[in-house]
file input_39.txt (compact mmCIF, C-alpha atoms)
# COMPACT_ATOMS: atom_id res chain seq x y z
CA MET A 1 21.90 -57.06 -3.02
CA LYS A 2 24.16 -54.83 -0.91
CA PHE A 3 25.81 -53.36 -4.01
CA LEU A 4 22.41 -52.39 -5.51
CA ARG A 5 21.38 -50.28 -2.52
CA PRO A 6 23.74 -47.32 -3.28
CA ILE A 7 22.66 -47.37 -6.92
CA VAL A 8 18.97 -47.33 -6.00
CA ILE A 9 19.55 -44.47 -3.52
CA CYS A 10 21.42 -42.46 -6.17
CA LEU A 11 18.62 -43.01 -8.67
CA LEU A 12 15.98 -41.91 -6.16
CA VAL A 13 17.94 -38.76 -5.30
CA ALA A 14 18.42 -37.96 -8.99
CA LEU A 15 14.72 -38.38 -9.65
CA ALA A 16 13.79 -36.24 -6.66
CA VAL A 17 15.86 -33.27 -7.78
CA SER A 18 15.30 -33.57 -11.52
CA PRO A 19 13.84 -30.29 -12.84
CA ALA A 20 11.83 -32.20 -15.41
CA LEU A 21 10.05 -34.10 -12.66
CA ALA A 22 9.74 -31.22 -10.20
CA ALA A 23 6.26 -29.90 -9.47
CA PRO A 24 5.33 -27.26 -12.02
CA LYS A 25 5.15 -23.61 -10.92
CA THR A 26 1.70 -22.19 -10.55
CA HIS A 27 1.11 -18.67 -11.81
CA PRO A 28 -2.27 -17.05 -11.31
CA ILE A 29 -3.83 -15.82 -14.55
CA VAL A 30 -5.88 -12.62 -14.64
CA GLU A 31 -8.84 -12.58 -17.02
CA MET A 32 -9.61 -8.92 -17.60
CA ILE A 33 -12.73 -8.27 -19.66
CA THR A 34 -12.77 -4.71 -21.01
CA SER A 35 -15.17 -2.83 -23.26
CA LYS A 36 -12.64 -3.52 -26.05
CA GLY A 37 -12.12 -7.24 -25.38
CA LEU A 38 -10.25 -9.79 -23.28
CA ILE A 39 -6.77 -9.38 -21.80
CA LEU A 40 -5.01 -12.33 -20.10
CA ILE A 41 -2.20 -11.56 -17.66
CA LYS A 42 0.17 -14.03 -15.99
CA LEU A 43 1.16 -12.99 -12.45
CA TYR A 44 4.61 -13.62 -10.95
CA PRO A 45 4.26 -14.04 -7.18
CA GLU A 46 7.85 -15.29 -6.90
CA ASP A 47 9.06 -11.80 -7.92
CA ALA A 48 6.35 -9.57 -6.40
CA PRO A 49 4.39 -11.57 -3.80
CA VAL A 50 2.81 -8.60 -2.03
CA SER A 51 1.62 -6.95 -5.25
CA CYS A 52 0.20 -10.23 -6.56
CA ALA A 53 -1.58 -11.07 -3.30
CA ASN A 54 -3.03 -7.55 -3.09
CA PHE A 55 -4.30 -7.61 -6.68
CA ILE A 56 -5.81 -11.09 -6.24
CA LYS A 57 -7.51 -10.04 -3.00
CA LEU A 58 -9.08 -7.02 -4.69
CA ALA A 59 -10.10 -8.96 -7.81
CA ASN A 60 -11.74 -11.67 -5.69
CA LYS A 61 -13.82 -8.93 -4.00
CA HIS A 62 -14.85 -7.62 -7.48
CA PHE A 63 -13.10 -4.32 -6.66
CA TYR A 64 -12.07 -3.73 -10.30
CA ASP A 65 -15.41 -4.64 -11.88
CA GLY A 66 -16.92 -1.54 -13.46
CA THR A 67 -13.86 0.69 -13.05
CA LYS A 68 -12.61 2.68 -16.02
CA ILE A 69 -9.33 3.36 -17.73
CA HIS A 70 -8.45 6.77 -16.30
CA ARG A 71 -5.01 7.40 -17.76
CA VAL A 72 -3.51 6.81 -21.18
CA ALA A 73 -0.06 8.24 -21.71
CA ASP A 74 3.04 8.18 -23.87
CA LEU A 75 5.79 8.42 -21.25
CA GLU A 76 8.70 8.63 -23.68
CA GLY A 77 9.11 10.84 -26.72
CA ASP A 78 6.54 13.42 -27.79
CA LYS A 79 2.86 13.24 -26.86
CA GLY A 80 1.12 10.97 -29.35
CA SER A 81 4.40 9.28 -30.32
CA GLY A 82 3.31 5.91 -28.95
CA GLN A 83 6.68 5.58 -27.21
CA GLY A 84 6.44 4.27 -23.67
CA HIS A 85 2.68 3.94 -24.11
CA ILE A 86 0.75 2.83 -20.99
CA VAL A 87 -2.91 2.46 -20.02
CA GLN A 88 -3.85 2.79 -16.36
CA GLY A 89 -6.85 1.69 -14.33
CA GLY A 90 -7.86 0.52 -10.89
CA SER A 91 -9.21 3.70 -9.28
CA PRO A 92 -12.51 2.97 -7.52
CA LEU A 93 -13.48 6.62 -8.00
CA SER A 94 -13.79 5.95 -11.74
CA LYS A 95 -16.97 3.93 -11.11
CA ASN A 96 -19.06 6.93 -10.02
CA HIS A 97 -17.22 10.04 -11.20
CA PRO A 98 -16.85 11.45 -14.70
CA ILE A 99 -13.53 10.54 -16.28
CA SER A 100 -12.61 14.24 -16.37
CA ASP A 101 -12.80 14.44 -12.54
CA GLY A 102 -9.25 15.11 -11.34
CA SER A 103 -9.73 13.03 -8.19
CA ILE A 104 -9.99 9.74 -10.10
CA GLY A 105 -6.25 9.08 -10.17
CA SER A 106 -6.06 9.38 -6.39
CA GLY A 107 -8.48 6.56 -5.53
CA GLY A 108 -7.45 3.37 -3.80
CA PRO A 109 -8.64 0.53 -1.56
CA GLY A 110 -8.00 2.32 1.75
CA TRP A 111 -4.50 0.90 2.28
CA THR A 112 -1.12 0.89 0.59
CA ILE A 113 1.48 -1.83 0.06
CA ARG A 114 5.25 -1.97 -0.09
CA GLY A 115 6.72 -1.11 -3.47
CA GLU A 116 8.41 -4.25 -4.77
CA PHE A 117 11.17 -2.84 -6.95
CA PRO A 118 14.97 -2.46 -6.74
CA LYS A 119 15.02 1.24 -5.81
CA ASN A 120 12.98 0.25 -2.74
CA GLY A 121 15.34 -2.58 -1.78
CA VAL A 122 13.35 -5.44 -3.35
CA ASN A 123 15.07 -7.73 -5.85
CA ASN A 124 12.37 -7.80 -8.52
CA PRO A 125 13.94 -8.55 -11.94
CA LEU A 126 10.79 -7.91 -14.02
CA LEU A 127 11.15 -5.10 -16.58
CA HIS A 128 8.82 -2.69 -18.34
CA ASN A 129 8.80 -4.64 -21.58
CA GLN A 130 5.76 -4.70 -23.85
CA GLY A 131 2.88 -6.23 -21.92
CA ALA A 132 4.31 -5.65 -18.44
CA PHE A 133 1.63 -5.34 -15.74
CA ALA A 134 2.67 -3.06 -12.88
CA MET A 135 1.45 -1.21 -9.80
CA ALA A 136 0.95 2.52 -10.15
CA ARG A 137 1.94 4.65 -7.16
CA GLU A 138 2.46 8.20 -5.97
CA ASP A 139 5.94 9.73 -5.68
CA GLN A 140 6.61 7.95 -2.38
CA MET A 141 7.87 4.36 -2.66
CA ASP A 142 5.21 2.52 -0.62
CA THR A 143 2.02 4.14 -1.91
CA ALA A 144 0.60 1.58 -4.34
CA GLY A 145 -2.89 0.35 -3.51
CA SER A 146 -5.17 -0.73 -6.34
CA GLN A 147 -4.11 1.17 -9.43
CA PHE A 148 -2.20 -0.68 -12.13
CA TYR A 149 -0.93 -0.04 -15.61
CA ILE A 150 -0.24 -2.09 -18.70
CA VAL A 151 2.85 -1.25 -20.74
CA VAL A 152 1.78 -1.25 -24.38
CA THR A 153 5.17 -0.23 -25.75
CA PRO A 154 8.39 -0.61 -23.72
CA SER A 155 8.90 1.97 -20.96
CA HIS A 156 12.36 1.06 -19.68
CA HIS A 157 12.91 4.39 -17.95
CA LEU A 158 10.46 3.00 -15.31
CA ASP A 159 12.58 -0.13 -14.68
CA GLY A 160 13.59 -0.50 -11.05
CA SER A 161 11.22 2.24 -9.84
CA TYR A 162 7.80 0.56 -10.11
CA ALA A 163 6.63 -2.94 -9.21
CA VAL A 164 6.07 -5.05 -12.31
CA PHE A 165 4.17 -8.14 -11.15
CA GLY A 166 2.72 -9.64 -14.30
CA GLN A 167 2.86 -9.99 -18.07
CA VAL A 168 0.12 -9.80 -20.70
CA ILE A 169 0.05 -13.18 -22.41
CA MET A 170 -2.93 -12.44 -24.66
CA GLY A 171 -4.63 -9.22 -25.66
CA ILE A 172 -1.86 -6.63 -25.96
CA ASP A 173 -3.72 -5.50 -29.09
CA VAL A 174 -6.80 -4.98 -26.91
CA ALA A 175 -4.77 -2.96 -24.39
CA ASN A 176 -3.47 -0.80 -27.25
CA GLN A 177 -7.07 0.06 -28.22
CA LEU A 178 -8.07 1.22 -24.73
CA VAL A 179 -8.84 4.92 -24.36
CA LEU A 180 -9.91 7.14 -21.47
CA GLY A 181 -13.24 6.04 -20.09
CA ASP A 182 -13.20 2.48 -21.43
CA THR A 183 -14.65 0.08 -18.86
CA ILE A 184 -13.06 -2.85 -17.10
CA THR A 185 -16.18 -4.96 -16.99
CA ARG A 186 -14.84 -7.86 -14.94
CA VAL A 187 -11.58 -9.12 -13.48
CA THR A 188 -11.29 -12.74 -12.38
CA ILE A 189 -8.36 -14.86 -11.26
CA VAL A 190 -7.78 -18.41 -12.43
CA GLN A 191 -4.90 -20.68 -11.52
CA GLY A 192 -2.47 -21.41 -14.30
CA ARG A 193 0.30 -24.00 -14.55
CA ASP A 194 3.53 -23.70 -16.45

call {"tool": "encode", "arguments": {"input": "input_39.txt", "output": "structure tokens"}}
result
Amino acid sequence: MKFLRPIVICLLVALAVSPALAAPKTHPIVEMITSKGLILIKLYPEDAPVSCANFIKLANKHFYDGTKIHRVADLEGDKGSGQGHIVQGGSPLSKNHPISDGSIGSGGPGWTIRGEFPKNGVNNPLLHNQGAFAMAREDQMDTAGSQFYIVVTPSHHLDGSYAVFGQVIMGIDVANQLVLGDTITRVTIVQGRD
């Protein structure tokens, strides 16, 4: 029996550290209902915990419900090229002001968070690939609050300078149809498992 004990201990240790048996990661899933349809976004709190927690907090308070898309831009190439195409939302001012009101892009929740990206000293490996979900900010590093953008076509010139904290897993075609003034009807958070 003595000779079996080391074998049993080794088997238990192997089972305990086996990746296949490890507890699965949990990634919150954003269900964003827009006037054009449903977009599902997987959040990555292991790479951008502050951005994820902030977005979840606001979504749980229904902060985003009824806001509008207030910016649509092609950030690379010529205007209208579709290169580096993003759609931006999350300004609370878009609920009660006309979309042409210049103040809409300056709205926020009343606080700002740390920018979680390499140029701000945070090791966030997420890139501005198609479907990336990121925090919008002003020129200063730590000025993100509630505004976000979805990368419809890759915008790699933004890599390392803005906090990507999620990825569209369904509905990139819906995001591509969004135009100025389209409504974000409801944003809810559900727990997902990998």

call {"tool": "atom_distance", "arguments": {"input": "input_39.txt", "atom1": "atom CA of Lys42 of chain A", "atom2": "atom CA of His27 of chain A"}}
result
6.3 Å

call {"tool": "closest_atom_pairs", "arguments": {"input": "input_39.txt", "of": "segment 64-168 of chain A", "to": "segment 33-38 of chain A", "cutoff": "12 Å", "atoms": "all atoms listed in the file", "output": "JSON lines"}}
result
{"residue": "A:Tyr64", "atom": "CA", "partner": "A:Ile33", "partner_atom": "CA", "distance": 10.4}
{"residue": "A:Asp65", "atom": "CA", "partner": "A:Ile33", "partner_atom": "CA", "distance": 9.0}
{"residue": "A:Gly66", "atom": "CA", "partner": "A:Thr34", "partner_atom": "CA", "distance": 9.2}
{"residue": "A:Thr67", "atom": "CA", "partner": "A:Thr34", "partner_atom": "CA", "distance": 9.7}
{"residue": "A:Lys68", "atom": "CA", "partner": "A:Thr34", "partner_atom": "CA", "distance": 8.9}
{"residue": "A:Ile69", "atom": "CA", "partner": "A:Thr34", "partner_atom": "CA", "distance": 9.4}
{"residue": "A:Gly89", "atom": "CA", "partner": "A:Thr34", "partner_atom": "CA", "distance": 11.0}
{"residue": "A:Val168", "atom": "CA", "partner": "A:Leu38", "partner_atom": "CA", "distance": 10.7}

call {"tool": "write_last_selection", "arguments": {"input": "input_39.txt", "atoms": "C-alpha atoms", "output": "tab-separated table (two decimals), keeping the file's coordinate frame"}}
result
chain	number	residue	atom	x	y	z
A	64	TYR	CA	-12.07	-3.73	-10.30
A	65	ASP	CA	-15.41	-4.64	-11.88
A	66	GLY	CA	-16.92	-1.54	-13.46
A	67	THR	CA	-13.86	0.69	-13.05
A	68	LYS	CA	-12.61	2.68	-16.02
A	69	ILE	CA	-9.33	3.36	-17.73
A	89	GLY	CA	-6.85	1.69	-14.33
A	168	VAL	CA	0.12	-9.80	-20.70

call {"tool": "closest_residue", "arguments": {"input": "input_39.txt", "among": "A:Pro109, A:Glu116, A:Ser91, A:Leu40", "to": "Gly131 of chain A", "atoms": "only C-alpha atoms"}}
result
A:Leu40

call {"tool": "residues_around", "arguments": {"input": "input_39.txt", "residues": "segment 47-58 of chain A", "least_positions_apart": "2", "cutoff": "7 Å", "atoms": "only C-alpha atoms", "output": "list in words"}}
result
Leu43, Tyr44, Pro45, Asn60, Lys61, His62, Phe63, Glu116, Asn124, Ser146, Phe165 and Ile189 of chain A

call {"tool": "write_last_selection", "arguments": {"input": "input_39.txt", "atoms": "C-alpha atoms", "output": "mmCIF file, in the frame of the given file"}}
result
data_model
loop_
_atom_site.group_PDB
_atom_site.id
_atom_site.type_symbol
_atom_site.label_atom_id
_atom_site.label_comp_id
_atom_site.auth_asym_id
_atom_site.auth_seq_id
_atom_site.Cartn_x
_atom_site.Cartn_y
_atom_site.Cartn_z
ATOM 1 C CA LEU A 43 1.160 -12.990 -12.450
ATOM 2 C CA TYR A 44 4.610 -13.620 -10.950
ATOM 3 C CA PRO A 45 4.260 -14.040 -7.180
ATOM 4 C CA ASN A 60 -11.740 -11.670 -5.690
ATOM 5 C CA LYS A 61 -13.820 -8.930 -4.000
ATOM 6 C CA HIS A 62 -14.850 -7.620 -7.480
ATOM 7 C CA PHE A 63 -13.100 -4.320 -6.660
ATOM 8 C CA GLU A 116 8.410 -4.250 -4.770
ATOM 9 C CA ASN A 124 12.370 -7.800 -8.520
ATOM 10 C CA SER A 146 -5.170 -0.730 -6.340
ATOM 11 C CA PHE A 165 4.170 -8.140 -11.150
ATOM 12 C CA ILE A 189 -8.360 -14.860 -11.260
#

call {"tool": "closest_residue", "arguments": {"input": "input_39.txt", "among": "A:Gly90, A:Gly110, A:Gly115, A:Gly105", "to": "Tyr149 of chain A", "atoms": "only C-alpha atoms"}}
result
A:Gly90

call {"tool": "atom_distance", "arguments": {"input": "input_39.txt", "atom1": "atom CA of Thr153 of chain A", "atom2": "atom CA of Val174 of chain A"}}
result
12.9 Å

call {"tool": "closest_residue", "arguments": {"input": "input_39.txt", "among": "A:Arg137, A:Arg186, A:Lys25, A:His97", "to": "Phe117 of chain A", "atoms": "only C-alpha atoms"}}
result
A:Arg137

call {"tool": "atom_distance", "arguments": {"input": "input_39.txt", "atom1": "atom CA of Val30 of chain A", "atom2": "atom CA of Gln191 of chain A"}}
result
8.7 Å
